[in-house]
Amino acid sequence: MKSKLYLVLAALLPSVIASPLPEKADLLASNTVVAQYVGTVERPCYFRTALCPDRCDHGMKAAQFRVLSNESYEKPGKYGDDKAAAGNMIMVDARKDVPGQPEGMLQKLAELKPGQVVRLTQKHYYADLGDVVMPIRPVTELEVLKGGACEEIPSVPKDPANHDDEVMPLPL
């Protein structure tokens with residue numbers, strides 16, 4: 001019986017996520033940065049739940065941005081994302097709309113070319129989506145800066161403490 005419930009929740013979750021920002025959403029942090037678009041990568045599911053890999057929706061198409069400078073940072077409370085410093089990476093889900101994200105944002109992300117410099121504002125909310133309370137990070141503004149293309153695209157650094165970039169071998 002539990003597996004049927006998980007299947008129903010997995011089927012309904014995308015429809016819940018593709019909605020406007022709910023009324024019960026607390027702003028935890030806001031970052032406005034000038035960043036360089038590095039590219040889009042496919043991030044696979046890492047098989048961490050019983051619904052993985054085909055019903056979990058963990059994998060994502062992520063647009064990656066390298067922060068060049070932070071123009072504005074706001075953290076009204078104790079919790080929330082830290083200030084994005086130069087060199088940090090910002091990952092944006094380019095596959096589906098996030099609650100609170102303006103219409104057409106996915107189209108803007110799809111039109112970006114690697115090396116372009118943009119100004120983007122990403123907000124961090126803790127939102128009550130009905131059955132699920134979770135953090136969401138919509139990009140509320142994305143502006144391509146004129147003459148802001150850089151020739152050199154920085155490589156994405158690997159965090160030695162984060163082993164998500166590695167695939168663990170299965171025991172035989």
# chains A, B, ... in the order shown; residues from 1 in each chain; ligands from 1
$ residues_around --residues "Met91 in chain A" --least-positions-apart "4" --cutoff "9 Å" --atoms "only C-alpha atoms" --output "CSV table (one decimal) with C-alpha atoms, in the first residue's frame"
chain,number,residue,atom,x,y,z
A,62,ALA,CA,21.5,22.4,-14.1
A,63,ALA,CA,22.5,25.7,-15.5
A,64,GLN,CA,25.8,26.6,-13.9
A,65,PHE,CA,27.0,30.2,-13.2
$ residues_around --residues "Val34 in chain A" --least-positions-apart "4" --cutoff "7 Å" --atoms "only C-alpha atoms" --output "number ranges by chain"
A: 67-70, 117-120
$ select_by_dssp --residues "range 19-146 of chain A" --states "helix (DSSP H, G or I)" --output "list in words"
Met105, Leu106, Gln107, Lys108, Leu109, Ala110 and Glu111 of chain A
$ atom_distance --atom1 "CA of Gly77 in chain A" --atom2 "CA of Val98 in chain A"
22.5 Å
